[in-house]
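Participant: My structure file start13.cif, mmCIF, C-alpha atoms, is below:
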```cif
data_model
#
loop_
_atom_site.label_atom_id
_atom_site.label_comp_id
_atom_site.auth_asym_id
_atom_site.auth_seq_id
_atom_site.Cartn_x
_atom_site.Cartn_y
_atom_site.Cartn_z
CA MET A 1 -21.25 -17.53 -4.38
CA SER A 2 -17.74 -18.94 -4.64
CA THR A 3 -16.81 -22.37 -3.36
CA ILE A 4 -14.02 -22.67 -0.81
CA SER A 5 -11.67 -23.99 -3.49
CA GLU A 6 -12.53 -21.12 -5.84
CA LYS A 7 -11.94 -18.55 -3.10
CA PHE A 8 -8.49 -19.81 -2.27
CA ALA A 9 -7.54 -20.33 -5.90
CA LYS A 10 -7.73 -16.54 -6.25
CA LEU A 11 -5.45 -15.87 -3.29
CA GLY A 12 -2.13 -16.42 -5.04
CA VAL A 13 0.97 -15.42 -3.08
CA ASP A 14 3.73 -16.01 -5.64
CA ASN A 15 4.34 -12.33 -6.35
CA ALA A 16 3.96 -11.08 -2.78
CA PRO A 17 7.01 -9.65 -0.94
CA GLY A 18 9.28 -12.36 0.41
CA GLN A 19 7.60 -15.17 -1.54
CA GLU A 20 10.07 -15.46 -4.41
CA GLY A 21 11.56 -18.72 -3.14
CA LEU A 22 8.15 -20.42 -3.21
CA GLN A 23 7.50 -19.86 -6.89
CA LYS A 24 7.34 -22.89 -9.10
CA LYS A 25 10.25 -23.17 -11.47
CA LYS A 26 9.45 -22.73 -15.14
CA THR A 27 11.76 -23.33 -18.05
CA LEU A 28 12.58 -19.90 -19.45
CA GLU A 29 14.63 -18.77 -22.41
CA LEU A 30 17.52 -16.95 -20.76
CA ARG A 31 19.27 -14.68 -23.24
CA GLY A 32 22.85 -13.66 -22.54
CA GLU A 33 25.05 -14.01 -19.53
CA LYS A 34 24.00 -13.34 -15.95
CA LEU A 35 24.83 -9.79 -14.84
CA GLU A 36 26.89 -9.26 -11.73
CA GLY A 37 25.72 -6.93 -8.99
CA THR A 38 24.20 -6.66 -5.53
CA PRO A 39 20.85 -8.50 -5.38
CA VAL A 40 17.96 -6.07 -4.88
CA ASP A 41 14.43 -7.06 -3.93
CA PHE A 42 12.20 -4.20 -5.11
CA SER A 43 9.07 -6.04 -3.97
CA HIS A 44 9.48 -4.48 -0.50
CA GLY A 45 11.56 -1.90 1.30
CA ASP A 46 14.99 -2.63 2.75
CA VAL A 47 14.98 -2.08 6.52
CA ASP A 48 18.75 -2.51 6.53
CA ALA A 49 19.15 0.45 4.18
CA PHE A 50 16.62 2.53 6.16
CA LEU A 51 16.70 1.52 9.81
CA PRO A 52 13.59 1.43 12.04
CA LEU A 53 12.68 4.46 14.14
CA PRO A 54 15.16 5.24 16.91
CA GLY A 55 13.96 3.74 20.19
CA SER A 56 11.64 1.18 18.60
CA TYR A 57 13.54 -1.79 19.95
CA GLU A 58 13.77 -0.24 23.42
CA ALA A 59 10.00 0.38 23.36
CA PHE A 60 9.39 -3.25 22.39
CA GLU A 61 11.74 -4.38 25.17
CA GLU A 62 9.81 -2.24 27.66
CA GLY A 63 6.57 -3.84 26.50
CA TYR A 64 8.13 -7.24 27.12
CA ARG A 65 9.37 -6.15 30.55
CA ILE A 66 5.88 -5.06 31.58
CA GLY A 67 4.76 -8.62 30.91
CA GLY A 68 1.19 -9.88 31.04
CA LYS A 69 -0.44 -6.45 31.34
CA GLN A 70 1.07 -5.57 27.96
CA ALA A 71 0.82 -9.03 26.39
CA TYR A 72 -2.93 -9.43 27.00
CA THR A 73 -4.52 -6.11 26.19
CA GLU A 74 -8.11 -5.43 25.14
CA TYR A 75 -8.83 -6.81 21.70
CA ARG A 76 -8.78 -3.31 20.23
CA GLY A 77 -5.50 -2.50 21.98
CA LYS A 78 -4.26 -1.13 25.28
CA GLN A 79 -6.38 1.83 26.37
CA SER A 80 -3.51 4.17 27.22
CA ILE A 81 -1.88 3.55 23.83
CA ARG A 82 -5.21 4.05 22.02
CA GLU A 83 -5.56 7.39 23.78
CA GLU A 84 -2.08 8.42 22.69
CA LEU A 85 -2.74 7.30 19.11
CA ALA A 86 -6.10 9.05 18.97
CA GLN A 87 -4.44 12.31 19.97
CA LYS A 88 -1.57 11.95 17.48
CA LEU A 89 -3.78 10.85 14.56
CA SER A 90 -6.41 13.50 15.26
CA ALA A 91 -3.72 16.16 14.96
CA PHE A 92 -2.27 14.55 11.83
CA THR A 93 -5.54 14.07 9.93
CA GLY A 94 -7.37 17.18 11.13
CA ALA A 95 -10.45 15.56 12.69
CA PRO A 96 -11.14 14.25 16.21
CA ILE A 97 -11.01 10.54 17.12
CA ASP A 98 -12.72 9.09 20.18
CA ALA A 99 -10.17 6.76 21.78
CA ALA A 100 -12.84 4.63 23.46
CA SER A 101 -14.98 3.85 20.43
CA GLU A 102 -13.37 4.95 17.16
CA ILE A 103 -9.91 3.37 16.97
CA ILE A 104 -8.41 -0.12 16.91
CA MET A 105 -4.85 -1.44 16.67
CA THR A 106 -4.31 -4.32 14.25
CA PRO A 107 -1.55 -6.70 13.09
CA GLY A 108 -0.27 -4.36 10.40
CA THR A 109 -2.39 -2.30 8.02
CA GLN A 110 -2.96 -5.56 6.13
CA GLY A 111 -4.78 -6.77 9.24
CA ALA A 112 -6.77 -3.53 9.36
CA LEU A 113 -7.73 -3.94 5.72
CA PHE A 114 -8.92 -7.51 6.25
CA LEU A 115 -10.95 -6.63 9.34
CA ALA A 116 -12.54 -3.60 7.67
CA MET A 117 -13.47 -5.57 4.56
CA GLY A 118 -14.88 -8.37 6.67
CA SER A 119 -16.95 -5.81 8.56
CA LEU A 120 -18.27 -4.02 5.48
CA VAL A 121 -18.71 -6.58 2.69
CA GLY A 122 -21.57 -9.08 2.52
CA SER A 123 -22.20 -11.74 -0.09
CA GLY A 124 -23.21 -10.08 -3.36
CA ASP A 125 -22.42 -6.53 -2.24
CA LYS A 126 -20.99 -4.34 -4.98
CA VAL A 127 -17.54 -3.06 -4.04
CA ALA A 128 -15.68 -0.49 -6.15
CA ILE A 129 -11.90 -0.50 -6.43
CA VAL A 130 -9.47 1.62 -8.45
CA GLU A 131 -7.29 0.22 -11.22
CA PRO A 132 -4.42 0.24 -10.55
CA ASP A 133 -4.48 -0.03 -6.76
CA TYR A 134 -3.18 -2.27 -3.99
CA PHE A 135 -3.22 -5.89 -5.13
CA ALA A 136 -4.98 -7.24 -2.01
CA ASN A 137 -8.10 -5.11 -2.59
CA ARG A 138 -9.34 -7.23 -5.48
CA LYS A 139 -8.56 -10.47 -3.67
CA LEU A 140 -10.41 -9.41 -0.54
CA VAL A 141 -13.54 -8.41 -2.46
CA GLU A 142 -13.60 -11.82 -4.10
CA PHE A 143 -12.80 -13.64 -0.85
CA PHE A 144 -15.76 -12.04 0.94
CA ASP A 145 -18.04 -12.86 -2.02
CA GLY A 146 -18.49 -9.25 -3.04
CA GLU A 147 -19.17 -8.18 -6.61
CA LEU A 148 -16.12 -6.39 -7.97
CA VAL A 149 -16.65 -3.07 -9.75
CA THR A 150 -13.62 -1.28 -11.21
CA VAL A 151 -12.99 2.44 -11.69
CA PRO A 152 -10.06 3.44 -13.95
CA MET A 153 -7.42 5.99 -13.01
CA ASP A 154 -5.60 7.83 -15.80
CA TYR A 155 -2.55 8.45 -13.64
CA MET A 156 0.17 8.86 -16.26
CA ASP A 157 -0.66 12.24 -17.77
CA ARG A 158 -2.74 14.00 -15.11
CA ARG A 159 -0.26 16.15 -13.21
CA GLY A 160 -1.58 17.57 -9.94
CA GLU A 161 -4.23 14.90 -9.55
CA ALA A 162 -4.58 11.14 -9.51
CA GLY A 163 -6.75 11.05 -12.61
CA LEU A 164 -9.64 9.03 -11.14
CA ASP A 165 -12.62 8.76 -13.49
CA LEU A 166 -15.13 10.59 -11.29
CA GLU A 167 -17.98 10.22 -13.81
CA ARG A 168 -17.52 6.47 -13.75
CA LEU A 169 -17.37 6.59 -9.96
CA GLU A 170 -20.73 8.35 -9.71
CA THR A 171 -22.25 5.93 -12.20
CA VAL A 172 -21.25 2.87 -10.18
CA PHE A 173 -22.40 4.56 -6.96
CA LYS A 174 -25.81 5.09 -8.61
CA GLU A 175 -25.85 1.45 -9.63
CA GLY A 176 -25.66 0.25 -6.05
CA VAL A 177 -22.03 0.12 -4.91
CA LYS A 178 -21.93 -0.36 -1.13
CA LEU A 179 -18.23 0.25 -0.50
CA PHE A 180 -15.42 2.12 -2.24
CA LEU A 181 -11.83 1.53 -1.16
CA PHE A 182 -8.69 3.25 -2.39
CA SER A 183 -5.14 4.06 -1.31
CA ASN A 184 -3.81 7.62 -1.05
CA PRO A 185 -0.97 7.94 -2.01
CA ASN A 186 -1.88 5.28 -4.52
CA ASN A 187 -0.09 1.95 -4.39
CA PRO A 188 1.47 1.17 -6.93
CA THR A 189 1.83 4.53 -8.73
CA GLY A 190 2.54 6.88 -5.81
CA VAL A 191 0.11 9.51 -7.12
CA ILE A 192 -1.84 11.65 -4.65
CA TYR A 193 -5.51 12.56 -5.04
CA SER A 194 -6.12 16.27 -5.45
CA TYR A 195 -8.29 18.28 -3.07
CA ASP A 196 -11.08 18.40 -5.67
CA GLU A 197 -10.93 14.63 -6.19
CA ILE A 198 -11.09 13.93 -2.45
CA VAL A 199 -13.96 16.36 -1.86
CA THR A 200 -15.89 14.88 -4.79
CA ILE A 201 -15.37 11.31 -3.56
CA ALA A 202 -16.61 12.30 -0.10
CA LYS A 203 -19.67 14.16 -1.44
CA LEU A 204 -20.64 11.32 -3.78
CA ALA A 205 -20.24 8.73 -1.02
CA LYS A 206 -22.47 10.75 1.29
CA LYS A 207 -25.07 11.37 -1.45
CA TYR A 208 -25.36 7.71 -2.41
CA GLN A 209 -24.74 6.29 1.09
CA VAL A 210 -21.56 4.47 0.10
CA ALA A 211 -19.09 3.39 2.78
CA LEU A 212 -15.48 4.49 2.26
CA LEU A 213 -12.28 2.70 3.22
CA VAL A 214 -9.25 4.96 2.77
CA ASP A 215 -5.76 3.48 2.99
CA GLU A 216 -3.35 6.27 4.01
CA LEU A 217 -0.35 4.08 4.79
CA TYR A 218 2.12 6.31 2.92
CA SER A 219 0.62 9.69 3.79
CA ARG A 220 3.59 10.79 5.91
CA GLN A 221 6.14 10.47 3.12
CA ILE A 222 5.21 13.21 0.64
CA PHE A 223 7.58 14.67 -1.95
CA ASP A 224 7.99 18.12 -3.49
CA ASN A 225 5.75 19.70 -0.81
CA HIS A 226 2.82 18.15 -2.66
CA PRO A 227 -0.54 19.07 -1.04
CA TYR A 228 -2.30 16.22 0.72
CA THR A 229 -5.98 16.11 1.71
CA HIS A 230 -7.30 13.83 4.45
CA LEU A 231 -10.81 12.77 3.44
CA ARG A 232 -12.04 12.36 7.00
CA ALA A 233 -11.43 16.07 7.71
CA GLN A 234 -13.86 17.28 5.02
CA LYS A 235 -17.24 18.86 5.78
CA GLU A 236 -19.26 16.29 3.86
CA ILE A 237 -18.32 12.68 4.61
CA PRO A 238 -20.35 9.46 4.64
CA ASP A 239 -21.57 7.92 7.88
CA ASN A 240 -19.45 4.81 7.36
CA LEU A 241 -15.84 5.89 6.88
CA ILE A 242 -12.74 4.01 7.97
CA THR A 243 -9.17 5.27 7.57
CA ILE A 244 -6.22 2.90 7.94
CA ILE A 245 -2.59 3.81 8.53
CA GLY A 246 0.40 2.45 10.38
CA PRO A 247 4.10 2.86 11.19
CA SER A 248 5.30 0.51 8.50
CA LYS A 249 7.19 1.33 5.29
CA THR A 250 7.90 5.02 5.93
CA GLU A 251 9.29 4.32 9.40
CA SER A 252 10.82 0.89 8.53
CA LEU A 253 8.75 -0.74 11.27
CA SER A 254 7.19 -3.41 9.02
CA GLY A 255 8.61 -6.23 11.12
CA TYR A 256 6.57 -5.23 14.16
CA ARG A 257 3.28 -5.65 12.23
CA LEU A 258 1.56 -2.52 13.50
CA GLY A 259 -1.59 -1.02 12.02
CA VAL A 260 -4.39 1.31 13.07
CA ALA A 261 -7.94 1.80 11.83
CA PHE A 262 -10.18 4.66 12.94
CA GLY A 263 -13.58 6.04 12.06
CA SER A 264 -17.19 4.90 12.43
CA GLY A 265 -17.67 3.47 15.93
CA GLU A 266 -20.07 0.79 14.69
CA ILE A 267 -17.56 -0.49 12.13
CA ILE A 268 -14.69 -0.38 14.64
CA THR A 269 -16.78 -2.53 17.00
CA ARG A 270 -17.38 -5.06 14.23
CA MET A 271 -13.66 -5.07 13.49
CA GLU A 272 -12.89 -5.76 17.14
CA LYS A 273 -15.30 -8.72 17.18
CA LEU A 274 -13.70 -10.12 14.04
CA GLN A 275 -10.18 -9.56 15.36
CA ALA A 276 -11.14 -11.46 18.51
CA ILE A 277 -11.58 -14.64 16.45
CA VAL A 278 -8.78 -14.06 13.94
CA SER A 279 -5.68 -12.86 15.81
CA LEU A 280 -7.11 -11.73 19.18
CA ARG A 281 -5.21 -8.43 19.10
CA CYS A 282 -2.33 -6.51 17.65
CA ALA A 283 0.74 -8.25 19.15
CA GLY A 284 0.84 -7.06 22.76
CA TYR A 285 4.55 -6.35 23.20
CA CYS A 286 4.68 -4.70 19.79
CA GLN A 287 1.90 -2.27 20.70
CA ALA A 288 4.43 -0.48 22.90
CA VAL A 289 6.39 0.51 19.76
CA PHE A 290 3.53 2.90 18.90
CA HIS A 291 5.06 5.24 21.52
CA THR A 292 7.86 6.05 19.04
CA TRP A 293 5.48 6.89 16.16
CA PHE A 294 5.01 10.62 15.49
CA SER A 295 7.65 11.10 18.20
CA GLU A 296 10.72 10.90 16.00
CA PRO A 297 13.82 13.01 16.71
CA ASP A 298 13.80 16.47 15.14
CA GLY A 299 14.61 16.28 11.45
CA PHE A 300 14.22 12.50 11.20
CA MET A 301 11.25 12.47 8.82
CA GLU A 302 12.58 15.36 6.75
CA ASP A 303 15.87 13.52 6.26
CA ARG A 304 14.12 10.28 5.35
CA ILE A 305 11.88 12.00 2.80
CA ARG A 306 14.85 13.84 1.29
CA LYS A 307 16.82 10.61 0.85
CA HIS A 308 13.86 8.76 -0.68
CA GLN A 309 13.18 11.62 -3.05
CA ALA A 310 16.80 11.54 -4.23
CA ILE A 311 16.49 7.82 -5.01
CA ARG A 312 13.17 8.40 -6.78
CA ASP A 313 14.61 11.18 -8.92
CA GLU A 314 17.63 9.19 -10.08
CA LEU A 315 15.57 6.08 -10.83
CA VAL A 316 13.06 8.11 -12.85
CA ALA A 317 15.96 9.63 -14.81
CA VAL A 318 17.46 6.19 -15.48
CA PHE A 319 14.17 4.72 -16.69
CA THR A 320 12.93 7.65 -18.77
CA ALA A 321 16.27 7.93 -20.59
CA VAL A 322 15.40 4.66 -22.33
CA PRO A 323 13.11 4.91 -25.39
CA GLY A 324 9.80 3.20 -24.77
CA ILE A 325 9.91 3.25 -20.96
CA LYS A 326 7.40 5.49 -19.19
CA VAL A 327 6.99 6.30 -15.51
CA ARG A 328 5.33 9.11 -13.58
CA PRO A 329 7.38 10.35 -10.61
CA SER A 330 5.59 9.36 -7.42
CA ASP A 331 4.07 12.14 -5.31
CA GLY A 332 4.41 10.15 -2.11
CA GLY A 333 5.29 6.76 -0.65
CA SER A 334 8.14 4.69 -2.04
CA TYR A 335 6.78 3.12 -5.23
CA LEU A 336 7.25 3.59 -8.96
CA PHE A 337 4.97 1.94 -11.52
CA VAL A 338 7.05 1.49 -14.66
CA THR A 339 5.64 0.85 -18.14
CA LEU A 340 7.88 -1.05 -20.55
CA PRO A 341 8.03 -1.11 -24.34
CA GLU A 342 6.57 -4.21 -25.99
CA LEU A 343 8.50 -7.36 -25.10
CA ASP A 344 8.38 -10.80 -26.67
CA VAL A 345 7.75 -12.41 -23.27
CA THR A 346 4.91 -11.88 -20.80
CA ILE A 347 5.39 -9.55 -17.85
CA GLY A 348 5.14 -12.56 -15.54
CA ASP A 349 7.97 -14.34 -17.35
CA PHE A 350 9.98 -11.12 -17.54
CA THR A 351 9.90 -10.74 -13.75
CA LYS A 352 11.24 -14.30 -13.41
CA ILE A 353 13.89 -13.74 -16.11
CA VAL A 354 15.18 -10.51 -14.56
CA ARG A 355 15.46 -12.28 -11.22
CA GLU A 356 17.52 -15.04 -12.82
CA LEU A 357 19.74 -12.85 -14.98
CA ALA A 358 20.10 -9.71 -12.85
CA ASP A 359 19.26 -10.68 -9.25
CA VAL A 360 16.49 -8.06 -9.32
CA THR A 361 12.99 -8.73 -7.97
CA VAL A 362 10.02 -6.63 -9.11
CA THR A 363 6.25 -7.09 -8.87
CA PRO A 364 4.39 -7.61 -12.17
CA GLY A 365 1.77 -5.01 -13.05
CA THR A 366 -0.91 -7.66 -13.44
CA GLU A 367 -1.05 -7.86 -9.64
CA PHE A 368 -2.70 -4.42 -9.73
CA GLY A 369 -5.12 -5.04 -12.58
CA PRO A 370 -5.22 -7.65 -15.37
CA GLN A 371 -4.72 -5.00 -18.07
CA PHE A 372 -1.28 -3.89 -16.81
CA THR A 373 0.58 -6.48 -18.85
CA ASP A 374 3.45 -4.14 -19.70
CA SER A 375 4.18 -2.71 -16.25
CA PHE A 376 5.93 -3.57 -13.00
CA ARG A 377 6.14 -1.97 -9.56
CA ILE A 378 9.24 -1.30 -7.52
CA ASN A 379 9.68 -0.16 -3.93
CA PHE A 380 12.62 2.23 -4.03
CA SER A 381 13.21 2.31 -0.28
CA GLN A 382 16.61 0.71 -0.88
CA ASP A 383 20.29 1.47 -0.68
CA HIS A 384 20.60 4.31 -3.19
CA LYS A 385 23.53 3.00 -5.24
CA ALA A 386 22.29 -0.59 -5.20
CA ALA A 387 18.84 0.52 -6.39
CA VAL A 388 20.23 2.51 -9.33
CA ASP A 389 22.63 -0.28 -10.33
CA ALA A 390 19.78 -2.79 -10.16
CA ALA A 391 17.59 -0.62 -12.38
CA LYS A 392 20.38 -0.45 -14.97
CA ARG A 393 20.78 -4.24 -14.92
CA LEU A 394 17.03 -4.62 -15.34
CA ILE A 395 17.12 -2.35 -18.39
CA THR A 396 19.99 -4.36 -19.87
CA VAL A 397 17.93 -7.54 -19.56
CA MET A 398 14.86 -5.77 -20.91
CA GLU A 399 16.72 -4.81 -24.09
CA ARG A 400 17.47 -8.47 -24.73
CA TYR A 401 13.72 -9.16 -24.78
CA ARG A 402 12.48 -6.01 -26.51
CA LYS A 403 10.18 -6.99 -29.37
CA VAL A 404 11.65 -6.30 -32.79
CA GLN A 405 9.27 -4.10 -34.76
#
```
Can you turn what I pasted into structure tokens?

Facilitator:
Amino acid sequence: MSTISEKFAKLGVDNAPGQEGLQKKKTLELRGEKLEGTPVDFSHGDVDAFLPLPGSYEAFEEGYRIGGKQAYTEYRGKQSIREELAQKLSAFTGAPIDAASEIIMTPGTQGALFLAMGSLVGSGDKVAIVEPDYFANRKLVEFFDGELVTVPMDYMDRRGEAGLDLERLETVFKEGVKLFLFSNPNNPTGVIYSYDEIVTIAKLAKKYQVALLVDELYSRQIFDNHPYTHLRAQKEIPDNLITIIGPSKTESLSGYRLGVAFGSGEIITRMEKLQAIVSLRCAGYCQAVFHTWFSEPDGFMEDRIRKHQAIRDELVAVFTAVPGIKVRPSDGGSYLFVTLPELDVTIGDFTKIVRELADVTVTPGTEFGPQFTDSFRINFSQDHKAAVDAAKRLITVMERYRKVQ
């Protein structure tokens, strides 16, 4: 069991979105002159480049106007909004949701993830995560004193699937894993799990009585008409299954901190009890913004996906034109996970150097698994021209630090 100091020592925030100014300064060898250009923070999306859903502010204002009845809702969220969300999300995912017992609103999907993990992980429980996957997963397992078990994903060369090692997954399930959590589309790579992968995960979880926590935050923004399979809609699913999603990056509503979790009624009840002592509820006035979700003007989502795909395509072309750089085009979401040639500085130092010399912020690959020492993640939900120019500046800096063979 970890001590309090050990727990919090593992919860570093230096590389999290918006935290760049808090990083400790380190003397770095800066080679060459600083490059001029518009600063771009690839650690998160730019809500000025892609504006929030139309009507979101007016919905928030209406929530404020209603006053106390909207400010102090049930801990799991206002009943009428839960009913609306249950209907929308049932249609989207292909399986029914009971609004009274199977859904909860949370302060962002990060809040949903924390509550679900707190409701499913006990001290010493084996918890399986994918490498690479969302950086908070590992930290939460360790924070709740779980035993971390990793499952590799060969994402780079497995077109049409995520490349999850399903044999390894069954092995760790046999060895006593209690919970498996993963994101789909995957964060940071943007790959989508194939139908066969999803069905196999569901069958194995049911066979070995493993709880599943599926993060579908980016499941609305899918490129190239790529097929997407919602695990909860399959015939064989485990008893304990929670899906989390929210109107965040895709809809540029991150600032409202809105998330939703739905699934097993027993787990949702635990999450409500935990939320009651952590944040009480999803911010009351902000809950009203859920009315705009899945209610966008005709063509809104199609236009947003088309614009993101155009940025993705040009960035992939810019990166892959450089010898030694590798990246798989994302199937969904707004991330690229870029692998660099060998440098003569660490990836952590490189991210600091490129911020100093090019005004470009990226997230080091080691946030998604300790072995990703030659990779970084970018969120390409940015102004198109600024994103491409920033990528070119990053490459210029990279060449200054490329290791001489």

Participant: Hey, which of A:Arg220, A:His226, A:Arg377, A:Arg76 ends up closest to Phe300 (chain A)? Count all atoms listed in the file.

Facilitator: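 Under the stated criterion, the closest residue is A:Arg220.
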
Participant: Output as JSON lines one row per residue of region 218-312 of chain A within 12 Å of region 316-320 of chain A: the closest atom pair and its distance in Å to one decimal place, counting only C-alpha atoms, sorted by chain and residue number ascending.

Facilitator:
```
{"residue": "A:Gln309", "atom": "CA", "partner": "A:Val316", "partner_atom": "CA", "distance": 10.4}
{"residue": "A:Ala310", "atom": "CA", "partner": "A:Val316", "partner_atom": "CA", "distance": 10.0}
{"residue": "A:Ile311", "atom": "CA", "partner": "A:Val316", "partner_atom": "CA", "distance": 8.6}
{"residue": "A:Arg312", "atom": "CA", "partner": "A:Val316", "partner_atom": "CA", "distance": 6.1}
```

Participant: With C-alpha atoms retained, export the selected residues as an mmCIF file, in the coordinates of the input.

Facilitator:
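Saved the output as again.cif:
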```cif
data_model
loop_
_atom_site.group_PDB
_atom_site.id
_atom_site.type_symbol
_atom_site.label_atom_id
_atom_site.label_comp_id
_atom_site.auth_asym_id
_atom_site.auth_seq_id
_atom_site.Cartn_x
_atom_site.Cartn_y
_atom_site.Cartn_z
ATOM 1 C CA GLN A 309 13.180 11.620 -3.050
ATOM 2 C CA ALA A 310 16.800 11.540 -4.230
ATOM 3 C CA ILE A 311 16.490 7.820 -5.010
ATOM 4 C CA ARG A 312 13.170 8.400 -6.780
#
```

Participant: For the provided coordinates, the residues matched by the PyMOL selection byres ((chain A and resi 308) around 9) should be stated as a PDB file with C-alpha atoms, in the frame of the given file.

Facilitator:
```pdb
ATOM      1  CA  GLN A 221       6.140  10.470   3.120  1.00  0.00           C
ATOM      2  CA  PHE A 223       7.580  14.670  -1.950  1.00  0.00           C
ATOM      3  CA  ASP A 303      15.870  13.520   6.260  1.00  0.00           C
ATOM      4  CA  ARG A 304      14.120  10.280   5.350  1.00  0.00           C
ATOM      5  CA  ILE A 305      11.880  12.000   2.800  1.00  0.00           C
ATOM      6  CA  ARG A 306      14.850  13.840   1.290  1.00  0.00           C
ATOM      7  CA  LYS A 307      16.820  10.610   0.850  1.00  0.00           C
ATOM      8  CA  GLN A 309      13.180  11.620  -3.050  1.00  0.00           C
ATOM      9  CA  ALA A 310      16.800  11.540  -4.230  1.00  0.00           C
ATOM     10  CA  ILE A 311      16.490   7.820  -5.010  1.00  0.00           C
ATOM     11  CA  ARG A 312      13.170   8.400  -6.780  1.00  0.00           C
ATOM     12  CA  ASP A 313      14.610  11.180  -8.920  1.00  0.00           C
ATOM     13  CA  GLY A 333       5.290   6.760  -0.650  1.00  0.00           C
ATOM     14  CA  SER A 334       8.140   4.690  -2.040  1.00  0.00           C
ATOM     15  CA  PHE A 380      12.620   2.230  -4.030  1.00  0.00           C
ATOM     16  CA  SER A 381      13.210   2.310  -0.280  1.00  0.00           C
ATOM     17  CA  GLN A 382      16.610   0.710  -0.880  1.00  0.00           C
ATOM     18  CA  HIS A 384      20.600   4.310  -3.190  1.00  0.00           C
TER      19      HIS A 384
END
```

Participant: Carefully work through the PyMOL selection byres ((chain A and resi 330) around 7) for this structure and note down the residues it includes, as a compact mmCIF listing (two decimals) with C-alpha atoms, in the frame of the given file.

Facilitator:
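File out08.txt, as written:
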```txt
# COMPACT_ATOMS: atom_id res chain seq x y z
CA THR A 189 1.83 4.53 -8.73
CA GLY A 190 2.54 6.88 -5.81
CA VAL A 191 0.11 9.51 -7.12
CA ARG A 328 5.33 9.11 -13.58
CA PRO A 329 7.38 10.35 -10.61
CA ASP A 331 4.07 12.14 -5.31
CA GLY A 332 4.41 10.15 -2.11
CA TYR A 335 6.78 3.12 -5.23
CA LEU A 336 7.25 3.59 -8.96
```

Participant: Written as JSON, numbers by chain, which residues does the PyMOL selection byres ((chain A and resi 106-111) around 10) give for the file shown?

Facilitator: {"A": [75, 76, 77, 103, 104, 105, 112, 113, 114, 115, 116, 117, 136, 215, 216, 217, 244, 245, 246, 247, 248, 253, 254, 255, 256, 257, 258, 259, 260, 261, 271, 272, 275, 278, 279, 280, 281, 282, 283, 284, 286, 287]}

Participant: Figure out the distance between CA of Lys352 (chain A) and CA of Thr38 (chain A), please, to one decimal in Å.

Facilitator: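 Going from CA of Thr38 (chain A) over to CA of Lys352 (chain A) covers 17.0 Å.
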
Participant: Out of A:Gly163, A:Pro185, A:Gly32, A:Gly94, which residue has the shortest atom-to-atom distance to Ile353 (chain A) when counting only C-alpha atoms?

Facilitator: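 So, comparing all the options, the nearest one is A:Gly32.
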
Participant: Please report the interatomic distance between CA of Ala233 (chain A) and CA of Leu89 (chain A) in Å with one decimal.

Facilitator: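 Taking CA of Ala233 (chain A) and CA of Leu89 (chain A), their separation equals 11.5 Å.
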
Participant: Work out how far apart CA of Pro96 (chain A) and CA of Arg232 (chain A) are and give it in Å to one decimal.

Facilitator: 9.4 Å

Participant: Out of A:Ile97, A:Ala276, A:Val289, A:Ala9, which residue has the shortest atom-to-atom distance to Glu251 (chain A) when counting only C-alpha atoms?

Facilitator: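 Ranked by minimum distance to Glu251 (chain A), first place goes to A:Val289.
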
Participant: Closest to Asn187 (chain A) among A:Gln234, A:Ser219, A:Gln70, A:Gln87, using all atoms listed in the file?

Facilitator: A:Ser219

Participant: Rank nothing, just name the residue among A:Leu169, A:Val327, A:Val141, A:Val199 nearest to Met153 (chain A), using only C-alpha atoms.

Facilitator: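 Between A:Leu169, A:Val327, A:Val141, A:Val199, the residue approaching Met153 (chain A) most closely is A:Leu169.
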
Participant: Using all atoms listed in the file, which of A:Lys326, A:Lys34, A:His230, A:Lys403 sits nearest Thr243 (chain A)?

Facilitator: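 Closest candidate: A:His230.
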
Participant: For region 38-88 of chain A against region 355-358 of chain A, with a cut-off of 10 Å and counting all atoms listed in the file, what is the closest atom pair and its distance in Å to one decimal for every residue that makes the cut, ordered by chain and number, as a Markdown table?

Facilitator:
```
| residue | atom | partner | partner_atom | distance |
| --- | --- | --- | --- | --- |
| A:Thr38 | CA | A:Ala358 | CA | 8.9 |
| A:Pro39 | CA | A:Ala358 | CA | 7.6 |
| A:Val40 | CA | A:Ala358 | CA | 9.0 |
| A:Asp41 | CA | A:Arg355 | CA | 9.0 |
```

Participant: Show me as an MDAnalysis selection string the residues that reach within 12 Å of (1.3, 11.1, 26.0), counting only C-alpha atoms and using the file's own coordinates.

Facilitator: chainID A and resid 80:88 290:295

Participant: Quick one: residues within 6 Å of region 149-151 of chain A, all atoms listed in the file counted, chain neighbours fewer than 2 positions away excluded, as a PyMOL selection string?

Facilitator: chain A and resi 127-130

Participant: List as JSON, numbers by chain the residues having at least one atom at most 6 Å from position (-13.0, 3.8, 17.1) as given in the file, counting all atoms listed in the file.

Facilitator: {"A": [101, 102, 103, 262, 263, 265, 268]}
